Amino acid sequence: MGSYLIYIALILIIPLWAQGRVKSTYNKYSKKSTSSQMTGAEVARKILDDNGLYHVNIEQTKGTLSDHYDPRSKVVRLSEGIYGGRSMASSAIAAHEVGHAIQDQEEYAFMRFRSALVPVANFGSNISFILILAGIFFRMTELFLFGIIFMGAAVLFQLVTLPVEFDASSRAMTQLVSTGIIRNDEERETKKVLNAAALTYVAAALVALLELARFILIFLNSRD
């Protein structure tokens with residue numbers, strides 16, 4: 001019972017802690033302007049153009065930290081605060097999303113692999129719990145096992161996401177420095193924004209792994 005309570009605490013605390021770090025870091029560095037005074041949209045456009053990605057558009061989207069790159073439409077979508085913001089947070093996040101556009105152009109292997117996993121991962125996350133619960137209820141180990149396999153596909157997607165996100169952040173820092181958007185003395189604080197954002201993906205992957213490990217243990221114990 002004690003170990004189960006620890007497990008529940010971990011899967012609840014880890015995501016909340018990561019989200020808290022992201023919000024506090026974003027709030028702090030959204031108030032600090034960069035020396036270049038460029039908006040997030042201007043940062044994104046400059047890096048895109050410097051890399052020959054003239055065909056990739058930039059759009060403003062609703063929400064807070066809802067920024068993303070759409071590889072199908074070839075569009076970098078920036079939330080309102082990032083699109084018009086002139087802060088370190090705006091520059092870092094805009095450059096990170098452009099990092100994904102550069103990955104797309106270069107056909108970065110992990111990004112291609114993640115894209116291929118999307119339909120399997122979506123199906124796996126929707127069906128895995130149903131199969132697992134049905135397997136437990138009807139005492140059908142085959143259903144339980146299929147549920148674990150589909151859950152594994154969803155977990156694999158989370159794990160593949162990590163190198164994609166870390167690589168995009170690395171590309172972002174390289175571009176921000178090489179283009180002169182940030183000065184050398186602004187690098188450390190910009191990295192803090194990118195590292196905090198990466199925590200959400202690390203937390204999601206860790207929770208997914210814990211869930212998978214728990215059901216694997218339940219499955220193995222049910223066979224004893």
# chains A, B, ... in the order shown; residues from 1 in each chain; ligands from 1
$ residues_around --residues "A:Ala41" --least-positions-apart "2" --cutoff "9 Å" --atoms "only C-alpha atoms" --output "ChimeraX atom specification"
/A:38-39,43-46,58-60,78,82-85,90-91,94
$ residues_around --residues "A:Tyr7" --least-positions-apart "2" --cutoff "12 Å" --atoms "only C-alpha atoms" --output "list in words"
Met1, Gly2, Ser3, Tyr4, Leu5, Ala9, Leu10, Ile11, Leu12, Ile13, Ile14, Leu206, Val207, Leu209, Leu210, Glu211, Ala213 and Arg214 of chain A
$ residues_around --residues "A:Thr200" --least-positions-apart "3" --cutoff "6 Å" --atoms "only C-alpha atoms" --output "PyMOL selection string"
chain A and resi 18+197+203
$ closest_residue --among "A:Ser30, A:Glu97, A:Ser36, A:Lys191" --to "A:Ser66" --atoms "only C-alpha atoms"
A:Glu97
$ residues_around --residues "stretch 118-129 of chain A" --least-positions-apart "5" --cutoff "6 Å" --atoms "only C-alpha atoms" --output "number ranges by chain"
A: 147, 150-151, 153-154
$ select_by_dssp --residues "chain A" --states "strand (DSSP E or B)" --output "list in words"
Ser33, Asn57, Ile58, Glu59, Gln60, Thr61, His68, Tyr69, Asp70, Val75, Val76, Arg77, Leu78, Ser79 and Ser87 of chain A
$ atom_distance --atom1 "atom CA of A:Leu143" --atom2 "atom CA of A:Phe157"
21.6 Å
$ closest_atom_pairs --of "stretch 5-86 of chain A" --to "stretch 158-172 of chain A" --cutoff "12 Å" --atoms "only C-alpha atoms" --output "CSV"
residue,atom,partner,partner_atom,distance
A:Val43,CA,A:Ala172,CA,10.4
A:Ala44,CA,A:Ala172,CA,10.0
A:Ile47,CA,A:Ala172,CA,8.9
A:Leu48,CA,A:Ala172,CA,11.1
A:Asn51,CA,A:Arg171,CA,11.5
A:His68,CA,A:Glu165,CA,11.2
A:Tyr69,CA,A:Ala168,CA,11.0
$ write_last_selection --atoms "C-alpha atoms" --output "short mmCIF file (atom, residue, chain, number, x, y, z; two decimals), in the first residue's frame"
data_model
loop_
_atom_site.label_atom_id
_atom_site.label_comp_id
_atom_site.auth_asym_id
_atom_site.auth_seq_id
_atom_site.Cartn_x
_atom_site.Cartn_y
_atom_site.Cartn_z
CA VAL A 43 13.21 36.44 -34.36
CA ALA A 44 11.41 33.57 -36.04
CA ILE A 47 16.19 32.68 -38.39
CA LEU A 48 13.89 31.16 -41.02
CA ASN A 51 18.28 29.25 -43.21
CA HIS A 68 4.34 24.92 -32.12
CA TYR A 69 5.58 24.13 -35.61
#
$ residues_around --residues "A:Leu199" --least-positions-apart "4" --cutoff "9 Å" --atoms "only C-alpha atoms" --output "list in words"
Pro15, Ala18, Gln19, Arg21, Val22, Leu194, Asn195, Ala203 and Ala204 of chain A
$ closest_residue --among "A:Leu65, A:Leu131, A:Val56, A:Ala116" --to "A:Tyr26" --atoms "only C-alpha atoms"
A:Leu65
$ closest_residue --among "A:Phe110, A:Ala95, A:Glu42, A:Ile6" --to "A:Val177" --atoms "only C-alpha atoms"
A:Ala95
$ select_by_dssp --residues "chain A" --states "alpha helix (DSSP H)" --output "PyMOL selection string"
chain A and resi 2-29+40-50+80-84+88-106+109-137+141-178+187-223
$ closest_residue --among "A:Asp70, A:Thr190, A:Phe219, A:Arg86" --to "A:Leu133" --atoms "only C-alpha atoms"
A:Phe219
$ residues_around --residues "A:Gln37" --least-positions-apart "3" --cutoff "8 Å" --atoms "only C-alpha atoms" --output "PDB file with N, CA and C atoms, in the first residue's frame"
ATOM      1  N   SER A  33      13.978  42.041 -21.334  1.00  0.00           N
ATOM      2  CA  SER A  33      14.135  42.251 -22.775  1.00  0.00           C
ATOM      3  C   SER A  33      15.524  41.840 -23.245  1.00  0.00           C
ATOM      4  N   THR A  34      15.610  41.449 -24.513  1.00  0.00           N
ATOM      5  CA  THR A  34      16.909  41.151 -25.109  1.00  0.00           C
ATOM      6  C   THR A  34      17.531  42.447 -25.626  1.00  0.00           C
ATOM      7  N   ARG A  86       9.056  41.067 -26.679  1.00  0.00           N
ATOM      8  CA  ARG A  86      10.447  41.406 -26.985  1.00  0.00           C
ATOM      9  C   ARG A  86      11.388  40.892 -25.884  1.00  0.00           C
ATOM     10  N   SER A  87      10.980  39.843 -25.224  1.00  0.00           N
ATOM     11  CA  SER A  87      11.718  39.334 -24.067  1.00  0.00           C
ATOM     12  C   SER A  87      12.629  38.162 -24.424  1.00  0.00           C
TER      13      SER A  87
END
$ closest_residue --among "A:Leu16, A:Ile181, A:Leu53, A:Ala208" --to "A:Ile148" --atoms "only C-alpha atoms"
A:Ala208
